[in-house]
Amino acid sequence: MASPYGITNVPKLTIEAVQTVVPYKVTDQRRSCRVLAMDPIGSGIFRRCLHIVLYYKNVSEEDSGWIFAGWAKESLGKAISERPMLGGRLWRGKDDEHNSRFCPLFYVQVTNFQCGGYSIGISCSILLAELLVKEKFLNSWANIHNNILSSNNELKKPLFYVPHLKRNGSFPPGITSSTPRKDCVKTMRFKATAENANLDGETCKSLALHCVEETESRLGSKMDSEFYLFVKENCKDIIEIEKYSKHKHVKPQLSIKTQVTCAGWDEYLGAQEVAFREGNKPKNVSYWIGSVLDGLVMAIPNENEL
């Protein structure tokens, strides 16, 4: 029996446990990043996420999704301590820190497969995608995880080990089953190198329009006339969001010193090399951006790259 989404004979999915991971220690100075949203911007734009799924094979008796999940509660807490923004919330207003408007901005899901192997799914708000791209968070987390395994090699199982917990196979409070959604779109990634030039907001907009045209040409489809543009300028803790029209603005001629090339997800994130257990790299990695109903362009400068 096949569903409209192409899913055939999918085994029943059960949620074994839901955990909250907090930073391992309190940060001395609380970092913040301002989000400037130009009208008309709906609240739905803030719920868009970059999704990454890494698929692993069990390489030993001491390796499984259960084992990883147990140690990950500690390793992720330490990793977030180094990148506390991933453990933050989105607030409305300058000083109202107790008014948390939305849910956590970073999620991890570990799935054990009956046929063997497991997957690690990561959902990160696109407002924080820069941390995954520029600061190679997945690699840092994997290094911390491996160090914990090395220092606790006498322990076969972590203290938090799901199969030892009592459960009834039902959904925990606040968790509900849902039907798969067809809200994913094709994406392309570009790298722009500008010699002796600062990628300010206007330059990013010009490059964004150039990349939109290139994407339409390569994919053979047209983006909506209006799209959401996220711009994070160098050396500024500000993300500007606006609804941008590709017809109302003229794309300036880019400098010949600026080169735009198409790049893959892994060139940015390096997820194909992320091994949470030494020598066990993922067999496959999936990337996509969810809940995108209109066009979306993100400009994330990294030194001389976009």
# chains A, B, ... in the order shown; residues from 1 in each chain; ligands from 1
>>> residues_around(residues="Gly77 (chain A)", least_positions_apart="5", cutoff="7 Å", atoms="only C-alpha atoms", output="PDB file with N, CA and C atoms, in the first residue's frame")
ATOM      1  N   VAL A  21      18.035  19.020  26.891  1.00  0.00           N
ATOM      2  CA  VAL A  21      19.467  19.182  27.155  1.00  0.00           C
ATOM      3  C   VAL A  21      19.750  20.657  27.349  1.00  0.00           C
ATOM      4  N   VAL A  22      20.405  20.980  28.435  1.00  0.00           N
ATOM      5  CA  VAL A  22      20.749  22.373  28.727  1.00  0.00           C
ATOM      6  C   VAL A  22      22.265  22.515  28.710  1.00  0.00           C
ATOM      7  N   PRO A  23      22.785  23.725  28.527  1.00  0.00           N
ATOM      8  CA  PRO A  23      24.239  23.913  28.549  1.00  0.00           C
ATOM      9  C   PRO A  23      24.851  23.370  29.832  1.00  0.00           C
ATOM     10  N   TYR A  24      26.030  22.789  29.697  1.00  0.00           N
ATOM     11  CA  TYR A  24      26.716  22.133  30.814  1.00  0.00           C
ATOM     12  C   TYR A  24      27.037  23.109  31.932  1.00  0.00           C
TER      13      TYR A  24
END
>>> residues_around(residues="Glu267 (chain A)", least_positions_apart="3", cutoff="10 Å", atoms="only C-alpha atoms", output="ChimeraX atom specification")
/A:133,189,191,263-264,270-272
>>> atom_distance(atom1="CA of Gly117 (chain A)", atom2="CA of Leu138 (chain A)")
19.5 Å
>>> closest_residue(among="A:Ile45, A:Trp71, A:Ile80, A:Arg30", to="Asn152 (chain A)", atoms="only C-alpha atoms")
A:Trp71
>>> residues_around(residues="Tyr55 (chain A)", least_positions_apart="5", cutoff="12 Å", atoms="only C-alpha atoms", output="PyMOL selection string")
chain A and resi 64-65+109-113+116-122+271-276+280-287
>>> select_by_dssp(residues="region 4-167 of chain A", states="strand (DSSP E or B)", output="ChimeraX atom specification")
/A:8,34-37,49-56,91,100,106-112,118-125
>>> closest_residue(among="A:Trp66, A:Phe190, A:Tyr228, A:Tyr107", to="Leu296 (chain A)", atoms="only C-alpha atoms")
A:Tyr228
>>> atom_distance(atom1="CA of Ala79 (chain A)", atom2="CA of Gln29 (chain A)")
16.6 Å
>>> closest_atom_pairs(of="region 93-142 of chain A", to="region 46-52 of chain A", cutoff="8 Å", atoms="only C-alpha atoms", output="CSV")
residue,atom,partner,partner_atom,distance
A:Gly121,CA,A:Ile52,CA,5.7
A:Ile122,CA,A:Ile52,CA,5.1
A:Ser123,CA,A:His51,CA,4.6
A:Cys124,CA,A:Cys49,CA,5.2
A:Ser125,CA,A:Cys49,CA,4.3
A:Ile126,CA,A:Cys49,CA,5.0
A:Leu127,CA,A:Phe46,CA,7.5
A:Ala129,CA,A:Leu50,CA,6.9
>>> write_last_selection(atoms="N, CA and C atoms", output="PDB file, in the first residue's frame")
ATOM      1  N   GLY A 121      19.063  12.946  13.659  1.00  0.00           N
ATOM      2  CA  GLY A 121      18.414  14.044  12.961  1.00  0.00           C
ATOM      3  C   GLY A 121      18.579  15.344  13.717  1.00  0.00           C
ATOM      4  N   ILE A 122      18.926  16.397  13.017  1.00  0.00           N
ATOM      5  CA  ILE A 122      19.124  17.712  13.624  1.00  0.00           C
ATOM      6  C   ILE A 122      18.222  18.709  12.932  1.00  0.00           C
ATOM      7  N   SER A 123      17.464  19.465  13.695  1.00  0.00           N
ATOM      8  CA  SER A 123      16.644  20.556  13.170  1.00  0.00           C
ATOM      9  C   SER A 123      17.090  21.843  13.843  1.00  0.00           C
ATOM     10  N   CYS A 124      17.591  22.770  13.043  1.00  0.00           N
ATOM     11  CA  CYS A 124      18.125  24.025  13.575  1.00  0.00           C
ATOM     12  C   CYS A 124      17.407  25.192  12.911  1.00  0.00           C
ATOM     13  N   SER A 125      16.926  26.113  13.712  1.00  0.00           N
ATOM     14  CA  SER A 125      16.296  27.309  13.156  1.00  0.00           C
ATOM     15  C   SER A 125      17.251  27.965  12.173  1.00  0.00           C
ATOM     16  N   ILE A 126      16.708  28.429  11.039  1.00  0.00           N
ATOM     17  CA  ILE A 126      17.582  29.066  10.060  1.00  0.00           C
ATOM     18  C   ILE A 126      18.186  30.357  10.600  1.00  0.00           C
ATOM     19  N   LEU A 127      17.638  30.869  11.703  1.00  0.00           N
ATOM     20  CA  LEU A 127      18.253  32.041  12.337  1.00  0.00           C
ATOM     21  C   LEU A 127      19.607  31.687  12.943  1.00  0.00           C
ATOM     22  N   ALA A 129      21.452  28.965  11.668  1.00  0.00           N
ATOM     23  CA  ALA A 129      22.165  28.110  10.723  1.00  0.00           C
ATOM     24  C   ALA A 129      23.622  28.541  10.552  1.00  0.00           C
TER      25      ALA A 129
END
>>> atom_distance(atom1="CA of Ser32 (chain A)", atom2="CA of Val231 (chain A)")
16.5 Å
>>> closest_residue(among="A:Leu149, A:Val59, A:Ala142, A:Val35", to="Phe230 (chain A)", atoms="only C-alpha atoms")
A:Val35
